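Just below is one structure, and these are the notes that go with it.
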Amino acid sequence: MDEEHALYIVRAGEAGAIERVLRDYSDKHRATFKFESTDEDKRKRLCEGIFKVLVKDIPTTCQVSCLEVLRILSRDKKILVPVTTKENMQILLRLAKLNESDDSLEKVSEFPVIVESLKCLCNIVFNSQMAQQLSLELNLAAKLCNLLRKCKDRKFINDIKCFDLRLLFLLSLLHTDIRSQLRYELQGLPLLTQILESAFSIKWTDEYESAIDHNGPPLSPQETDCAIEALKALFNVTVDSWKVHKESDSHQFRVMAAVLRHCLLIVGPTEDKTEELHSNAVNLLSNVPVSCLDVLICPLTHEETAQEATTLDELPGDKTAEQETVLKNNTMVYNGMNMEAIHVLLSFMEKRIDKGSSYREGLTPVLSLLTECSRAHRNIRKFLKDQVLPPLRDVTNRPEVGSTMRNKLVRLMTHVDLGVKQIAAEFLFVLCKERVDSLLKYTGYGNAAGLLAARGLLTGGRGDNWYSEDEDTDTEEYKNAKPKEELLKPMGLKPDGTITPLEEALNQYSVIEETSSDTD
């Protein structure tokens, strides 16, 4: 439908004719994201005409048609400057029920108008700097939080929550001041955490533990989308939390971490949606102070403990370290602790490695998270060591050859992306309790050389962090192969230019420095 004809009807027609012509325009341009520059002026005037209609007393169906066309037109940044005024923004705020005077959301017939108004605001705020400034002036973040409180426990208005949260995410992304306002003035952390609790229908069994129904249905598409938007908004609110963490905030962060643990243990309507949900949960967990991540694991209940003992009894032979991890009733158990969430993170990491692309954006967040969890929490480190670096039995193949988790991570240690190879090496180093001899056993000297050189550990030793002194037992296969490793040693140049083992070369240079004197 031609913009000029639509504009003529909008200016002169009655509500029924306006609704019909705009519905036709919307149907034709629903998938339009690029517009002809020759019709730019016509689209500007059509926007202005629609705002004039929206202030009139027109039926709800006509309001929806007006807003649908406005949403389509607001995809074009070039036409927003003349129509993005305080007056027009206030029209959309009123239709979205964002004014403080609107006490409730009782009229179901108004919900489509609210949703379309929020969609328009999302487009306009994203595409217009003027709208972003007006959002601050109109205190839009506070209005959005107020609307969320009205509908946080009412599942039949998920679309309203979803686009409210999306707009909140955009505002907190574009304005650092709004992040601070959300965190402290508007109590955005508990509010958004409660939105997640509602989306996941969480039932608490303890202070930081929720009931998980492994046989329950997946989240609905609406609940999943709502949760994803809440996770993204929470990420912005907490992006600097690790820097400014106060002890008084520990409880709230632990509640949020417990909600995220629940998130990792449920699934969305499709595999892609589940991955998107878990990806956003991983990003948010990276903002949680590491001391609060202990709630990702929890002690077994008496019933689960009895089940674990039964499972261990069923295992043949002596009970070794390799048998400490058992699976019972879909529950991953290690050393008396429920490790389901950590196992999900590990599986998520392996899927990202197997994709073979976008490692910087897709892989490094989960690798960094697992590294910090391992460094701070002994049980998590021991479980991950058991899964990633089990007792070494394959001593014939190079460490980077094969399809195990260890092989995949060792290959990343020589990746072309500096950030990727650093975090992969750091993760394995932490699992080895930052002991050089242990790292070399699992990765080989050539793969580990970059990390060791950066830390000044080429001649051996260990890192700066303290770890428990539990044993790292060698297998018979490794004990038999270990003497053969002496065939390969790190080498260096002596002062006279000849090659010698690296440690001896470094010692000779140290002697020269000590005996030389500066007489100037």
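Chain labels follow the order of the structure tokens: the first chain is A, the next B, and so on; residue numbering restarts at 1 in every chain, and ligands are counted from 1 in their shown order.
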Do you know which residues are at most 6 Å from segment 221-235 of chain A counting only C-alpha atoms, after dropping those on the same chain fewer than 6 positions away, and could you put them as a short mmCIF file (atom, residue, chain, number, x, y, z; two decimals) with all heavy atoms, in the first residue's frame?
```cif
data_model
loop_
_atom_site.label_atom_id
_atom_site.label_comp_id
_atom_site.auth_asym_id
_atom_site.auth_seq_id
_atom_site.Cartn_x
_atom_site.Cartn_y
_atom_site.Cartn_z
N CYS A 162 7.93 -9.52 28.71
CA CYS A 162 9.05 -9.75 27.80
C CYS A 162 9.54 -8.44 27.17
O CYS A 162 10.75 -8.16 27.18
CB CYS A 162 8.63 -10.74 26.71
SG CYS A 162 9.96 -11.19 25.59
N LEU A 165 11.00 -6.01 29.75
CA LEU A 165 12.38 -6.40 30.08
C LEU A 165 13.35 -6.07 28.94
O LEU A 165 14.48 -5.66 29.19
CB LEU A 165 12.42 -7.90 30.38
CG LEU A 165 11.77 -8.34 31.69
CD1 LEU A 165 11.52 -9.84 31.70
CD2 LEU A 165 12.64 -7.94 32.88
N ARG A 166 12.89 -6.24 27.70
CA ARG A 166 13.76 -5.90 26.57
C ARG A 166 14.09 -4.42 26.55
O ARG A 166 15.23 -4.02 26.29
CB ARG A 166 13.09 -6.32 25.26
CG ARG A 166 13.97 -6.06 24.03
CD ARG A 166 13.39 -6.70 22.79
NE ARG A 166 13.29 -8.15 22.94
CZ ARG A 166 12.75 -8.96 22.03
NH1 ARG A 166 12.25 -8.45 20.91
NH2 ARG A 166 12.71 -10.26 22.24
N PHE A 169 16.54 -3.73 29.28
CA PHE A 169 17.87 -4.15 28.84
C PHE A 169 18.51 -3.09 27.94
O PHE A 169 19.69 -2.75 28.10
CB PHE A 169 17.77 -5.49 28.10
CG PHE A 169 18.97 -5.81 27.25
CD1 PHE A 169 20.19 -6.14 27.82
CD2 PHE A 169 18.89 -5.75 25.87
CE1 PHE A 169 21.30 -6.42 27.03
CE2 PHE A 169 19.99 -6.03 25.07
CZ PHE A 169 21.19 -6.37 25.66
N LEU A 196 12.69 -14.01 37.22
CA LEU A 196 13.21 -15.32 36.82
C LEU A 196 12.57 -16.44 37.63
O LEU A 196 12.22 -17.49 37.08
CB LEU A 196 14.74 -15.35 37.01
CG LEU A 196 15.59 -14.61 35.99
CD1 LEU A 196 17.06 -14.67 36.40
CD2 LEU A 196 15.40 -15.19 34.60
N ALA A 199 9.25 -17.06 36.12
CA ALA A 199 9.33 -17.71 34.81
C ALA A 199 9.65 -19.19 34.94
O ALA A 199 9.14 -20.01 34.17
CB ALA A 199 10.37 -17.01 33.94
N PRO A 269 11.93 -24.87 24.92
CA PRO A 269 11.08 -25.60 23.98
C PRO A 269 11.86 -26.27 22.84
O PRO A 269 11.38 -27.22 22.25
CB PRO A 269 10.15 -24.52 23.44
CG PRO A 269 10.89 -23.23 23.63
CD PRO A 269 11.69 -23.42 24.88
N LEU A 277 19.30 -19.87 26.36
CA LEU A 277 18.98 -19.66 27.77
C LEU A 277 20.21 -19.91 28.63
O LEU A 277 20.58 -19.09 29.49
CB LEU A 277 17.84 -20.60 28.18
CG LEU A 277 17.33 -20.51 29.62
CD1 LEU A 277 16.60 -19.20 29.85
CD2 LEU A 277 16.42 -21.69 29.93
N LEU A 284 25.74 -14.28 32.98
CA LEU A 284 25.36 -13.65 34.24
C LEU A 284 26.13 -14.24 35.41
O LEU A 284 26.55 -13.51 36.32
CB LEU A 284 23.85 -13.80 34.46
CG LEU A 284 23.26 -13.16 35.73
CD1 LEU A 284 23.67 -11.70 35.85
CD2 LEU A 284 21.74 -13.28 35.73
#
```
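We find atom CA of Pro112 of chain A and atom CA of Glu137 of chain A to be spaced 26.5 Å apart.
Shell of Lys119 of chain A at 9 Å, with only C-alpha atoms counted and residues fewer than 6 places along the chain excluded, is Leu67, Glu68, Arg71, Phe163, Asp164, Arg166 and Leu167 of chain A.
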Would you pick out the contacts of Ser358 of chain A at 12 Å or less, using only C-alpha atoms, so that residues sharing its chain but fewer than 6 positions from it are not included, and give the list as number ranges by chain? A: 352, 364-365, 417, 420
